[in-house]
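Everything below belongs to structure_6.json, which stores JSON, C-alpha atoms.
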[["chain", "number", "residue", "atom", "x", "y", "z"],
["A", 1, "MET", "CA", 29.43, 61.10, -3.06],
["A", 2, "LEU", "CA", 30.09, 60.68, -6.77],
["A", 3, "PHE", "CA", 31.35, 57.16, -6.12],
["A", 4, "ALA", "CA", 28.55, 56.23, -3.72],
["A", 5, "TYR", "CA", 25.85, 55.65, -6.34],
["A", 6, "LYS", "CA", 27.21, 52.33, -7.51],
["A", 7, "PRO", "CA", 27.14, 50.57, -4.14],
["A", 8, "VAL", "CA", 23.74, 52.12, -3.35],
["A", 9, "LYS", "CA", 22.40, 50.93, -6.70],
["A", 10, "GLN", "CA", 23.78, 47.47, -6.03],
["A", 11, "ILE", "CA", 22.24, 47.42, -2.57],
["A", 12, "LEU", "CA", 18.87, 48.48, -3.96],
["A", 13, "LEU", "CA", 19.11, 45.86, -6.70],
["A", 14, "ILE", "CA", 19.99, 43.17, -4.19],
["A", 15, "ALA", "CA", 17.10, 44.25, -1.97],
["A", 16, "ILE", "CA", 14.66, 44.17, -4.87],
["A", 17, "MET", "CA", 15.91, 40.76, -6.00],
["A", 18, "THR", "CA", 15.62, 39.46, -2.44],
["A", 19, "ILE", "CA", 12.01, 40.61, -2.25],
["A", 20, "VAL", "CA", 11.19, 39.08, -5.65],
["A", 21, "VAL", "CA", 12.83, 35.77, -4.78],
["A", 22, "GLY", "CA", 11.17, 35.82, -1.39],
["A", 23, "LEU", "CA", 7.75, 36.39, -2.89],
["A", 24, "SER", "CA", 8.38, 33.64, -5.42],
["A", 25, "GLY", "CA", 9.42, 31.31, -2.65],
["A", 26, "CYS", "CA", 6.30, 32.18, -0.65],
["A", 27, "GLN", "CA", 4.17, 31.40, -3.66],
["A", 28, "THR", "CA", 5.85, 28.03, -4.15],
["A", 29, "LEU", "CA", 5.44, 27.24, -0.45],
["A", 30, "LYS", "CA", 1.81, 28.25, -0.58],
["A", 31, "MET", "CA", 1.18, 25.96, -3.54],
["A", 32, "SER", "CA", 2.95, 23.01, -1.94],
["A", 33, "GLN", "CA", 1.11, 23.40, 1.37],
["A", 34, "ARG", "CA", -2.21, 24.42, -0.06],
["A", 35, "ASP", "CA", -5.13, 23.61, 2.20],
["A", 36, "LEU", "CA", -7.00, 20.72, 0.64],
["A", 37, "PRO", "CA", -10.41, 19.37, 1.59],
["A", 38, "ILE", "CA", -9.72, 16.53, 3.99],
["A", 39, "PHE", "CA", -9.72, 13.19, 2.20],
["A", 40, "ASN", "CA", -10.80, 10.76, 4.91],
["A", 41, "ALA", "CA", -8.56, 7.77, 4.24],
["A", 42, "GLU", "CA", -10.06, 5.63, 6.99],
["A", 43, "ARG", "CA", -13.57, 6.16, 5.64],
["A", 44, "ALA", "CA", -12.36, 5.26, 2.14],
["A", 45, "TYR", "CA", -10.76, 2.13, 3.57],
["A", 46, "ARG", "CA", -14.05, 1.20, 5.24],
["A", 47, "ASP", "CA", -15.70, 1.59, 1.85],
["A", 48, "VAL", "CA", -13.28, -0.99, 0.46],
["A", 49, "GLU", "CA", -14.11, -3.27, 3.38],
["A", 50, "TYR", "CA", -17.85, -2.87, 2.85],
["A", 51, "GLN", "CA", -17.62, -3.77, -0.82],
["A", 52, "LEU", "CA", -15.95, -7.05, 0.08],
["A", 53, "THR", "CA", -18.83, -7.96, 2.40],
["A", 54, "LEU", "CA", -21.09, -7.95, -0.67],
["A", 55, "GLY", "CA", -19.16, -10.83, -2.20],
["A", 56, "PRO", "CA", -18.45, -10.95, -5.95],
["A", 57, "ARG", "CA", -19.67, -7.85, -7.81],
["A", 58, "ILE", "CA", -20.24, -9.67, -11.07],
["A", 59, "PRO", "CA", -23.04, -8.57, -13.43],
["A", 60, "GLY", "CA", -26.16, -10.59, -12.71],
["A", 61, "THR", "CA", -25.31, -11.37, -9.07],
["A", 62, "ILE", "CA", -26.88, -10.09, -5.85],
["A", 63, "GLY", "CA", -23.59, -8.43, -4.94],
["A", 64, "HIS", "CA", -23.70, -6.48, -8.19],
["A", 65, "GLU", "CA", -27.22, -5.21, -7.45],
["A", 66, "GLN", "CA", -26.28, -4.32, -3.88],
["A", 67, "ILE", "CA", -23.17, -2.36, -4.78],
["A", 68, "LEU", "CA", -25.12, -0.34, -7.36],
["A", 69, "ASP", "CA", -27.76, 0.60, -4.79],
["A", 70, "TRP", "CA", -25.10, 1.46, -2.20],
["A", 71, "MET", "CA", -22.97, 3.58, -4.54],
["A", 72, "GLN", "CA", -26.01, 5.48, -5.77],
["A", 73, "ALA", "CA", -27.16, 6.20, -2.21],
["A", 74, "GLU", "CA", -23.69, 7.40, -1.19],
["A", 75, "LEU", "CA", -23.41, 9.72, -4.19],
["A", 76, "GLU", "CA", -26.89, 11.15, -3.79],
["A", 77, "SER", "CA", -26.29, 11.80, -0.10],
["A", 78, "SER", "CA", -23.29, 13.91, -1.17],
["A", 79, "LYS", "CA", -25.57, 16.00, -3.44],
["A", 80, "TRP", "CA", -24.56, 14.55, -6.81],
["A", 81, "LEU", "CA", -27.07, 14.03, -9.59],
["A", 82, "VAL", "CA", -26.96, 10.28, -10.29],
["A", 83, "GLU", "CA", -28.23, 8.26, -13.23],
["A", 84, "ARG", "CA", -27.88, 4.67, -14.34],
["A", 85, "GLN", "CA", -26.83, 3.90, -17.88],
["A", 86, "GLU", "CA", -28.30, 0.46, -18.60],
["A", 87, "LEU", "CA", -26.98, -1.37, -21.64],
["A", 88, "LEU", "CA", -27.40, -4.78, -23.18],
["A", 89, "ILE", "CA", -24.04, -6.09, -24.42],
["A", 90, "ASN", "CA", -23.64, -9.61, -25.77],
["A", 91, "GLY", "CA", -26.91, -10.50, -24.10],
["A", 92, "LYS", "CA", -25.67, -9.24, -20.74],
["A", 93, "LYS", "CA", -27.11, -6.36, -18.75],
["A", 94, "VAL", "CA", -24.34, -3.85, -18.05],
["A", 95, "ILE", "CA", -24.93, -0.81, -15.82],
["A", 96, "ASN", "CA", -22.69, 2.25, -15.56],
["A", 97, "LEU", "CA", -23.37, 4.67, -12.71],
["A", 98, "ILE", "CA", -22.90, 8.35, -13.60],
["A", 99, "ALA", "CA", -22.75, 11.10, -10.97],
["A", 100, "SER", "CA", -22.71, 14.72, -12.17],
["A", 101, "ARG", "CA", -22.12, 18.11, -10.61],
["A", 102, "GLY", "CA", -22.05, 21.40, -12.52],
["A", 103, "ALA", "CA", -22.82, 22.24, -16.13],
["A", 104, "GLY", "CA", -20.79, 22.88, -19.26],
["A", 105, "ASP", "CA", -17.31, 21.57, -19.98],
["A", 106, "TYR", "CA", -16.49, 18.77, -17.58],
["A", 107, "ILE", "CA", -13.73, 16.52, -16.33],
["A", 108, "LEU", "CA", -14.47, 12.83, -15.90],
["A", 109, "LEU", "CA", -13.07, 10.65, -13.13],
["A", 110, "GLY", "CA", -13.72, 6.95, -13.52],
["A", 111, "ALA", "CA", -13.21, 3.56, -11.90],
["A", 112, "HIS", "CA", -14.66, 0.10, -12.45],
["A", 113, "TYR", "CA", -16.75, -1.53, -9.74],
["A", 114, "ASP", "CA", -17.16, -5.04, -11.10],
["A", 115, "THR", "CA", -14.95, -7.98, -10.10],
["A", 116, "ARG", "CA", -13.53, -10.88, -12.06],
["A", 117, "ILE", "CA", -15.48, -14.12, -12.26],
["A", 118, "LEU", "CA", -12.42, -16.38, -12.07],
["A", 119, "ALA", "CA", -9.14, -16.03, -10.18],
["A", 120, "ASP", "CA", -7.31, -17.47, -13.17],
["A", 121, "HIS", "CA", -3.92, -16.06, -12.10],
["A", 122, "ASP", "CA", -4.02, -17.70, -8.69],
["A", 123, "PRO", "CA", -0.86, -19.71, -7.99],
["A", 124, "VAL", "CA", -3.02, -22.48, -6.51],
["A", 125, "PRO", "CA", -4.74, -24.31, -9.40],
["A", 126, "ALA", "CA", -7.60, -25.47, -7.17],
["A", 127, "LEU", "CA", -8.53, -21.82, -6.53],
["A", 128, "GLN", "CA", -8.52, -20.64, -10.13],
["A", 129, "ASN", "CA", -12.26, -21.23, -10.54],
["A", 130, "ASP", "CA", -13.07, -19.09, -7.49],
["A", 131, "PRO", "CA", -14.12, -15.44, -7.89],
["A", 132, "VAL", "CA", -11.66, -12.61, -7.23],
["A", 133, "PRO", "CA", -12.47, -10.65, -4.03],
["A", 134, "GLY", "CA", -11.37, -7.44, -5.79],
["A", 135, "ALA", "CA", -10.14, -5.40, -2.83],
["A", 136, "ASN", "CA", -7.56, -3.54, -4.88],
["A", 137, "ASP", "CA", -8.75, -4.43, -8.37],
["A", 138, "GLY", "CA", -12.14, -2.76, -8.21],
["A", 139, "ALA", "CA", -12.97, -1.68, -4.66],
["A", 140, "SER", "CA", -10.02, 0.69, -4.19],
["A", 141, "GLY", "CA", -10.94, 2.87, -7.17],
["A", 142, "VAL", "CA", -14.59, 2.98, -6.13],
["A", 143, "ALA", "CA", -13.59, 4.01, -2.61],
["A", 144, "VAL", "CA", -11.45, 6.89, -3.88],
["A", 145, "LEU", "CA", -14.23, 8.22, -6.12],
["A", 146, "LEU", "CA", -16.85, 7.99, -3.36],
["A", 147, "GLU", "CA", -14.62, 9.87, -0.91],
["A", 148, "LEU", "CA", -13.90, 12.52, -3.54],
["A", 149, "ALA", "CA", -17.66, 12.83, -4.00],
["A", 150, "ARG", "CA", -17.97, 13.64, -0.30],
["A", 151, "THR", "CA", -15.05, 16.04, -0.04],
["A", 152, "LEU", "CA", -14.79, 18.00, -3.30],
["A", 153, "PRO", "CA", -16.12, 21.55, -2.91],
["A", 154, "GLU", "CA", -19.59, 22.04, -4.36],
["A", 155, "ASP", "CA", -18.57, 25.39, -5.85],
["A", 156, "LEU", "CA", -15.79, 24.14, -8.12],
["A", 157, "PRO", "CA", -15.73, 26.32, -11.25],
["A", 158, "ILE", "CA", -15.54, 23.19, -13.42],
["A", 159, "ALA", "CA", -18.16, 20.51, -13.91],
["A", 160, "ILE", "CA", -17.29, 16.98, -12.79],
["A", 161, "LYS", "CA", -18.64, 13.57, -13.69],
["A", 162, "LEU", "CA", -17.78, 10.54, -11.58],
["A", 163, "VAL", "CA", -18.41, 7.36, -13.54],
["A", 164, "LEU", "CA", -18.41, 3.89, -12.00],
["A", 165, "PHE", "CA", -17.92, 1.53, -14.93],
["A", 166, "ASP", "CA", -19.34, -1.95, -15.15],
["A", 167, "ALA", "CA", -17.95, -5.01, -16.96],
["A", 168, "GLU", "CA", -14.30, -3.98, -17.09],
["A", 169, "ASP", "CA", -12.64, -7.05, -15.70],
["A", 170, "ASN", "CA", -13.88, -10.27, -17.30],
["A", 171, "GLY", "CA", -12.12, -10.32, -20.64],
["A", 172, "GLY", "CA", -11.01, -13.72, -21.86],
["A", 173, "ILE", "CA", -13.75, -15.60, -19.98],
["A", 174, "ASP", "CA", -16.44, -17.26, -22.12],
["A", 175, "ASP", "CA", -17.99, -14.59, -24.36],
["A", 176, "TRP", "CA", -16.94, -11.66, -22.16],
["A", 177, "ASP", "CA", -14.56, -8.98, -23.36],
["A", 178, "TRP", "CA", -12.59, -6.32, -21.51],
["A", 179, "ILE", "CA", -13.77, -2.76, -20.70],
["A", 180, "LEU", "CA", -17.32, -3.27, -21.96],
["A", 181, "GLY", "CA", -18.85, -0.59, -19.75],
["A", 182, "SER", "CA", -16.42, 2.18, -20.67],
["A", 183, "ARG", "CA", -16.55, 1.30, -24.37],
["A", 184, "ALA", "CA", -20.33, 1.59, -24.32],
["A", 185, "PHE", "CA", -20.16, 4.83, -22.35],
["A", 186, "VAL", "CA", -17.84, 6.48, -24.87],
["A", 187, "ARG", "CA", -19.83, 5.13, -27.79],
["A", 188, "GLU", "CA", -22.98, 6.78, -26.40],
["A", 189, "LEU", "CA", -21.29, 10.09, -25.56],
["A", 190, "ILE", "CA", -22.82, 13.29, -26.87],
["A", 191, "ASP", "CA", -20.78, 15.85, -24.93],
["A", 192, "LYS", "CA", -17.18, 14.73, -24.58],
["A", 193, "PRO", "CA", -15.19, 15.50, -21.42],
["A", 194, "SER", "CA", -12.20, 17.81, -21.66],
["A", 195, "ALA", "CA", -10.20, 15.15, -19.81],
["A", 196, "ALA", "CA", -10.71, 11.69, -18.32],
["A", 197, "VAL", "CA", -8.76, 10.18, -15.43],
["A", 198, "ILE", "CA", -9.19, 6.51, -14.53],
["A", 199, "VAL", "CA", -8.13, 5.10, -11.16],
["A", 200, "ASP", "CA", -7.55, 1.35, -11.03],
["A", 201, "MET", "CA", -5.63, -0.81, -8.55],
["A", 202, "ILE", "CA", -4.43, 2.19, -6.53],
["A", 203, "GLY", "CA", -4.84, 0.84, -2.99],
["A", 204, "ASP", "CA", -1.72, -1.32, -2.84],
["A", 205, "ALA", "CA", 0.29, -0.75, 0.35],
["A", 206, "ASP", "CA", 3.45, -0.57, -1.80],
["A", 207, "LEU", "CA", 1.93, 1.93, -4.20],
["A", 208, "GLU", "CA", 4.00, 3.08, -7.18],
["A", 209, "VAL", "CA", 2.28, 4.88, -10.05],
["A", 210, "TYR", "CA", 4.29, 5.13, -13.26],
["A", 211, "TYR", "CA", 3.57, 6.86, -16.54],
["A", 212, "GLU", "CA", 1.33, 4.71, -18.74],
["A", 213, "ARG", "CA", 2.30, 4.64, -22.40],
["A", 214, "ASN", "CA", -1.15, 5.27, -23.90],
["A", 215, "SER", "CA", -2.05, 8.13, -21.56],
["A", 216, "ASP", "CA", -2.01, 11.82, -22.48],
["A", 217, "VAL", "CA", 1.42, 13.27, -21.74],
["A", 218, "THR", "CA", 0.23, 16.75, -20.76],
["A", 219, "LEU", "CA", -2.34, 15.38, -18.33],
["A", 220, "MET", "CA", 0.20, 13.03, -16.78],
["A", 221, "GLU", "CA", 2.67, 15.86, -16.27],
["A", 222, "GLU", "CA", -0.02, 18.00, -14.62],
["A", 223, "ILE", "CA", -1.01, 15.25, -12.19],
["A", 224, "TRP", "CA", 2.55, 14.18, -11.41],
["A", 225, "GLN", "CA", 3.43, 17.82, -10.74],
["A", 226, "GLN", "CA", 0.65, 18.06, -8.16],
["A", 227, "ALA", "CA", 1.91, 14.86, -6.55],
["A", 228, "ARG", "CA", 5.40, 16.35, -6.24],
["A", 229, "LYS", "CA", 4.02, 19.50, -4.63],
["A", 230, "LEU", "CA", 2.29, 17.32, -2.04],
["A", 231, "GLY", "CA", 5.45, 15.33, -1.31],
["A", 232, "TYR", "CA", 4.34, 12.18, -3.15],
["A", 233, "GLU", "CA", 7.18, 12.11, -5.67],
["A", 234, "ASN", "CA", 8.32, 8.71, -4.39],
["A", 235, "ILE", "CA", 4.93, 7.27, -5.36],
["A", 236, "PHE", "CA", 4.21, 9.10, -8.62],
["A", 237, "ILE", "CA", 7.28, 8.16, -10.63],
["A", 238, "PRO", "CA", 7.72, 9.99, -13.97],
["A", 239, "GLU", "CA", 8.97, 6.97, -15.89],
["A", 240, "TYR", "CA", 7.18, 4.84, -18.45],
["A", 241, "ARG", "CA", 6.59, 1.25, -17.39],
["A", 242, "TYR", "CA", 3.22, -0.07, -18.63],
["A", 243, "SER", "CA", 1.03, -0.08, -21.69],
["A", 244, "MET", "CA", -2.47, -0.84, -20.43],
["A", 245, "LEU", "CA", -5.80, -1.83, -21.91],
["A", 246, "ASP", "CA", -8.05, -0.21, -19.32],
["A", 247, "ASP", "CA", -11.09, 2.03, -19.01],
["A", 248, "HIS", "CA", -9.08, 4.98, -20.34],
["A", 249, "THR", "CA", -8.57, 3.21, -23.68],
["A", 250, "PRO", "CA", -11.95, 4.07, -25.26],
["A", 251, "PHE", "CA", -11.40, 7.74, -24.38],
["A", 252, "VAL", "CA", -7.94, 7.72, -25.96],
["A", 253, "GLU", "CA", -9.32, 6.05, -29.08],
["A", 254, "ALA", "CA", -12.01, 8.76, -29.28],
["A", 255, "GLY", "CA", -9.40, 11.52, -29.16],
["A", 256, "ILE", "CA", -10.19, 12.53, -25.58],
["A", 257, "PRO", "CA", -7.16, 13.30, -23.36],
["A", 258, "ALA", "CA", -7.10, 10.51, -20.78],
["A", 259, "VAL", "CA", -4.82, 9.11, -18.09],
["A", 260, "ASP", "CA", -4.73, 5.72, -16.39],
["A", 261, "LEU", "CA", -3.55, 5.89, -12.78],
["A", 262, "ILE", "CA", -2.65, 2.28, -12.02],
["A", 263, "ASP", "CA", -0.09, 0.26, -10.11],
["A", 264, "PHE", "CA", 0.18, -2.90, -12.14],
["A", 265, "SER", "CA", 3.07, -4.27, -10.06],
["A", 266, "TYR", "CA", 0.53, -6.02, -7.87],
["A", 267, "PRO", "CA", 1.28, -9.71, -7.26],
["A", 268, "TYR", "CA", -2.32, -10.51, -6.23],
["A", 269, "TRP", "CA", -3.92, -9.39, -9.50],
["A", 270, "HIS", "CA", -6.71, -11.81, -10.50],
["A", 271, "THR", "CA", -6.06, -14.09, -7.53],
["A", 272, "THR", "CA", -8.08, -15.02, -4.46],
["A", 273, "SER", "CA", -5.52, -13.09, -2.39],
["A", 274, "ASP", "CA", -6.71, -9.68, -3.63],
["A", 275, "THR", "CA", -8.09, -9.07, -0.14],
["A", 276, "LEU", "CA", -8.53, -6.21, 2.32],
["A", 277, "ASP", "CA", -5.16, -6.74, 4.03],
["A", 278, "LYS", "CA", -3.40, -5.78, 0.77],
["A", 279, "VAL", "CA", -5.01, -2.31, 0.74],
["A", 280, "SER", "CA", -3.58, 0.72, 2.55],
["A", 281, "PRO", "CA", -5.60, 3.78, 3.67],
["A", 282, "GLU", "CA", -2.48, 5.87, 3.07],
["A", 283, "SER", "CA", -2.36, 4.85, -0.59],
["A", 284, "LEU", "CA", -6.00, 5.77, -1.06],
["A", 285, "LYS", "CA", -5.24, 9.17, 0.45],
["A", 286, "VAL", "CA", -2.27, 9.76, -1.86],
["A", 287, "ILE", "CA", -4.50, 9.31, -4.89],
["A", 288, "GLY", "CA", -7.37, 11.29, -3.39],
["A", 289, "ASP", "CA", -5.17, 14.22, -2.36],
["A", 290, "THR", "CA", -3.40, 14.35, -5.70],
["A", 291, "LEU", "CA", -6.61, 14.37, -7.73],
["A", 292, "THR", "CA", -8.15, 16.97, -5.43],
["A", 293, "ALA", "CA", -5.13, 19.27, -5.83],
["A", 294, "TRP", "CA", -5.18, 18.77, -9.59],
["A", 295, "LEU", "CA", -8.88, 19.62, -9.83],
["A", 296, "LEU", "CA", -8.46, 22.72, -7.66],
["A", 297, "GLU", "CA", -5.69, 23.90, -9.98],
["A", 298, "LYS", "CA", -8.29, 23.91, -12.74],
["A", 299, "GLU", "CA", -9.71, 27.05, -11.12]]
Since I need it in another form, could you write the structure as structure tokens?
Amino acid sequence: MLFAYKPVKQILLIAIMTIVVGLSGCQTLKMSQRDLPIFNAERAYRDVEYQLTLGPRIPGTIGHEQILDWMQAELESSKWLVERQELLINGKKVINLIASRGAGDYILLGAHYDTRILADHDPVPALQNDPVPGANDGASGVAVLLELARTLPEDLPIAIKLVLFDAEDNGGIDDWDWILGSRAFVRELIDKPSAAVIVDMIGDADLEVYYERNSDVTLMEEIWQQARKLGYENIFIPEYRYSMLDDHTPFVEAGIPAVDLIDFSYPYWHTTSDTLDKVSPESLKVIGDTLTAWLLEKE
């Protein structure tokens, strides 16, 4: 009996460690398989398709007016408070659409809805004066935000703003500049968001999202971690590849933590071939699921 205590103690210790490890494993499993609101990828894809039926979404065009009305109706039907921020920039009317839910400190999710006037990167010179359809560069980000508006729980303990930015994509053409809508938005800000996440060109069927050099490191790590938990580690790659001027830039310059989720390895950028067949519902879902999981972790 005097020599029995050691094995018994070891057995008890092993049992306790097994329980602890088991509980830890259960917690990890629970986090990785957490029930998320269903992000309807097919509906998001149809939203991309619908935007293309409107033609170019260039400020001052009928398509631009129509997409504004449509986005506002979709957001309001999902019980978001929507307002238009109308600005005059370089003699041009620029309109950001802002959807809000909740009060107090908030997280901002953004995407641009405008399209480029000229397909100046088209490999066919005769097509370089045509407008860009903007299936991936424009419509994909809008589609993700609209589907998030439909599926995010109304009782999130954090406030959210979804901002559809105008006049992002026509820099270098005549007297246009890049990211006019987001620059004006940040310039007019009174209450700054605690974080801003921009989604741009995230519908590519061969989606790969790398770290962006100007983005906030902590925010990137949080989002990439959620992607790994969901099994998307082959898409969210924790390596630096790009340094982007995008709608996150004004937030970064204002000292607001911001991230640009973008796949810039897209051969149809600013060409007439940026069409619906280049967009994948599965890619839209990857982004939607990851952002949903990240927002729910903010609880």
| field | Contacts of A:Lys285 at 8 Å (all atoms listed in the file; same-chain gap of 6+ positions) as a PyMOL selection string | value | chain A and resi 39-41+144
Go ahead and write the residues just picked, C-alpha atoms, as a PDB file, keeping the file's coordinate frame.
ATOM      1  CA  PHE A  39      -9.720  13.190   2.200  1.00  0.00           C
ATOM      2  CA  ASN A  40     -10.800  10.760   4.910  1.00  0.00           C
ATOM      3  CA  ALA A  41      -8.560   7.770   4.240  1.00  0.00           C
ATOM      4  CA  VAL A 144     -11.450   6.890  -3.880  1.00  0.00           C
TER       5      VAL A 144
END
| said: Give me the residues near A:Gly102 as JSON, numbers by chain, where near means some atom within 8 Å (using all atoms listed in the file) and where sequence neighbours in that chain fewer than 5 positions away do not count. | reply: {"A": [158, 159, 160]}
Any chance you can output those residues with C-alpha atoms as an mmCIF file, keeping the file's coordinate frame?
data_model
loop_
_atom_site.group_PDB
_atom_site.id
_atom_site.type_symbol
_atom_site.label_atom_id
_atom_site.label_comp_id
_atom_site.auth_asym_id
_atom_site.auth_seq_id
_atom_site.Cartn_x
_atom_site.Cartn_y
_atom_site.Cartn_z
ATOM 1 C CA ILE A 158 -15.540 23.190 -13.420
ATOM 2 C CA ALA A 159 -18.160 20.510 -13.910
ATOM 3 C CA ILE A 160 -17.290 16.980 -12.790
#
| remark: Residue with the minimum atom-to-atom distance to A:Pro257, picked from A:Leu189, A:Val217, A:Ala103, A:Ala227 with only C-alpha atoms counted, is A:Val217
Within-12 Å shell of (-0.8, 16.1, -20.2) in input frame, all atoms listed in the file, as a JSON list (two decimals) with C-alpha atoms, in the coordinates of the input:
[["chain", "number", "residue", "atom", "x", "y", "z"],
["A", 194, "SER", "CA", -12.20, 17.81, -21.66],
["A", 195, "ALA", "CA", -10.20, 15.15, -19.81],
["A", 196, "ALA", "CA", -10.71, 11.69, -18.32],
["A", 197, "VAL", "CA", -8.76, 10.18, -15.43],
["A", 211, "TYR", "CA", 3.57, 6.86, -16.54],
["A", 212, "GLU", "CA", 1.33, 4.71, -18.74],
["A", 214, "ASN", "CA", -1.15, 5.27, -23.90],
["A", 215, "SER", "CA", -2.05, 8.13, -21.56],
["A", 216, "ASP", "CA", -2.01, 11.82, -22.48],
["A", 217, "VAL", "CA", 1.42, 13.27, -21.74],
["A", 218, "THR", "CA", 0.23, 16.75, -20.76],
["A", 219, "LEU", "CA", -2.34, 15.38, -18.33],
["A", 220, "MET", "CA", 0.20, 13.03, -16.78],
["A", 221, "GLU", "CA", 2.67, 15.86, -16.27],
["A", 222, "GLU", "CA", -0.02, 18.00, -14.62],
["A", 223, "ILE", "CA", -1.01, 15.25, -12.19],
["A", 224, "TRP", "CA", 2.55, 14.18, -11.41],
["A", 225, "GLN", "CA", 3.43, 17.82, -10.74],
["A", 256, "ILE", "CA", -10.19, 12.53, -25.58],
["A", 257, "PRO", "CA", -7.16, 13.30, -23.36],
["A", 258, "ALA", "CA", -7.10, 10.51, -20.78],
["A", 259, "VAL", "CA", -4.82, 9.11, -18.09],
["A", 260, "ASP", "CA", -4.73, 5.72, -16.39],
["A", 294, "TRP", "CA", -5.18, 18.77, -9.59]]
| request: Find the residues around stretch 116-121 of chain A up to 12 Å (all atoms listed in the file counted), leave out those fewer than 6 positions away in its own chain, and share them as a PyMOL selection string. | output: chain A and resi 55-61+64+127-139+166-174+176-179+266-274
How about completing stretch 81-98 of chain A with N, CA and C atoms and giving it to me as a PDB file, keeping the file's coordinate frame?
ATOM      1  N   LEU A  81     -25.967  14.504  -8.755  1.00  0.00           N
ATOM      2  CA  LEU A  81     -27.070  14.030  -9.590  1.00  0.00           C
ATOM      3  C   LEU A  81     -26.638  12.690 -10.201  1.00  0.00           C
ATOM      4  N   VAL A  82     -27.393  11.637  -9.922  1.00  0.00           N
ATOM      5  CA  VAL A  82     -26.960  10.280 -10.290  1.00  0.00           C
ATOM      6  C   VAL A  82     -27.949   9.663 -11.272  1.00  0.00           C
ATOM      7  N   GLU A  83     -27.401   9.003 -12.281  1.00  0.00           N
ATOM      8  CA  GLU A  83     -28.230   8.260 -13.230  1.00  0.00           C
ATOM      9  C   GLU A  83     -27.556   6.933 -13.552  1.00  0.00           C
ATOM     10  N   ARG A  84     -28.383   5.976 -13.919  1.00  0.00           N
ATOM     11  CA  ARG A  84     -27.880   4.670 -14.340  1.00  0.00           C
ATOM     12  C   ARG A  84     -27.956   4.578 -15.862  1.00  0.00           C
ATOM     13  N   GLN A  85     -26.867   4.136 -16.433  1.00  0.00           N
ATOM     14  CA  GLN A  85     -26.830   3.900 -17.880  1.00  0.00           C
ATOM     15  C   GLN A  85     -26.910   2.384 -18.075  1.00  0.00           C
ATOM     16  N   GLU A  86     -28.079   1.899 -18.456  1.00  0.00           N
ATOM     17  CA  GLU A  86     -28.300   0.460 -18.600  1.00  0.00           C
ATOM     18  C   GLU A  86     -28.147   0.066 -20.063  1.00  0.00           C
ATOM     19  N   LEU A  87     -27.328  -0.947 -20.282  1.00  0.00           N
ATOM     20  CA  LEU A  87     -26.980  -1.370 -21.640  1.00  0.00           C
ATOM     21  C   LEU A  87     -27.089  -2.883 -21.735  1.00  0.00           C
ATOM     22  N   LEU A  88     -27.387  -3.350 -22.920  1.00  0.00           N
ATOM     23  CA  LEU A  88     -27.400  -4.780 -23.180  1.00  0.00           C
ATOM     24  C   LEU A  88     -26.249  -5.080 -24.136  1.00  0.00           C
ATOM     25  N   ILE A  89     -25.243  -5.805 -23.636  1.00  0.00           N
ATOM     26  CA  ILE A  89     -24.040  -6.090 -24.420  1.00  0.00           C
ATOM     27  C   ILE A  89     -23.824  -7.596 -24.445  1.00  0.00           C
ATOM     28  N   ASN A  90     -23.807  -8.162 -25.628  1.00  0.00           N
ATOM     29  CA  ASN A  90     -23.640  -9.610 -25.770  1.00  0.00           C
ATOM     30  C   ASN A  90     -24.651 -10.379 -24.925  1.00  0.00           C
ATOM     31  N   GLY A  91     -25.864  -9.849 -24.872  1.00  0.00           N
ATOM     32  CA  GLY A  91     -26.910 -10.500 -24.100  1.00  0.00           C
ATOM     33  C   GLY A  91     -26.810 -10.305 -22.607  1.00  0.00           C
ATOM     34  N   LYS A  92     -25.884  -9.465 -22.167  1.00  0.00           N
ATOM     35  CA  LYS A  92     -25.670  -9.240 -20.740  1.00  0.00           C
ATOM     36  C   LYS A  92     -26.063  -7.812 -20.371  1.00  0.00           C
ATOM     37  N   LYS A  93     -26.726  -7.676 -19.236  1.00  0.00           N
ATOM     38  CA  LYS A  93     -27.110  -6.360 -18.750  1.00  0.00           C
ATOM     39  C   LYS A  93     -25.913  -5.716 -18.054  1.00  0.00           C
ATOM     40  N   VAL A  94     -25.488  -4.592 -18.575  1.00  0.00           N
ATOM     41  CA  VAL A  94     -24.340  -3.850 -18.050  1.00  0.00           C
ATOM     42  C   VAL A  94     -24.835  -2.484 -17.591  1.00  0.00           C
ATOM     43  N   ILE A  95     -24.419  -2.065 -16.391  1.00  0.00           N
ATOM     44  CA  ILE A  95     -24.930  -0.810 -15.820  1.00  0.00           C
ATOM     45  C   ILE A  95     -23.774   0.068 -15.368  1.00  0.00           C
ATOM     46  N   ASN A  96     -23.619   1.212 -16.022  1.00  0.00           N
ATOM     47  CA  ASN A  96     -22.690   2.250 -15.560  1.00  0.00           C
ATOM     48  C   ASN A  96     -23.452   3.219 -14.658  1.00  0.00           C
ATOM     49  N   LEU A  97     -22.780   3.692 -13.620  1.00  0.00           N
ATOM     50  CA  LEU A  97     -23.370   4.670 -12.710  1.00  0.00           C
ATOM     51  C   LEU A  97     -22.680   6.007 -12.918  1.00  0.00           C
ATOM     52  N   ILE A  98     -23.453   7.041 -13.233  1.00  0.00           N
ATOM     53  CA  ILE A  98     -22.900   8.350 -13.600  1.00  0.00           C
ATOM     54  C   ILE A  98     -23.374   9.393 -12.598  1.00  0.00           C
TER      55      ILE A  98
END
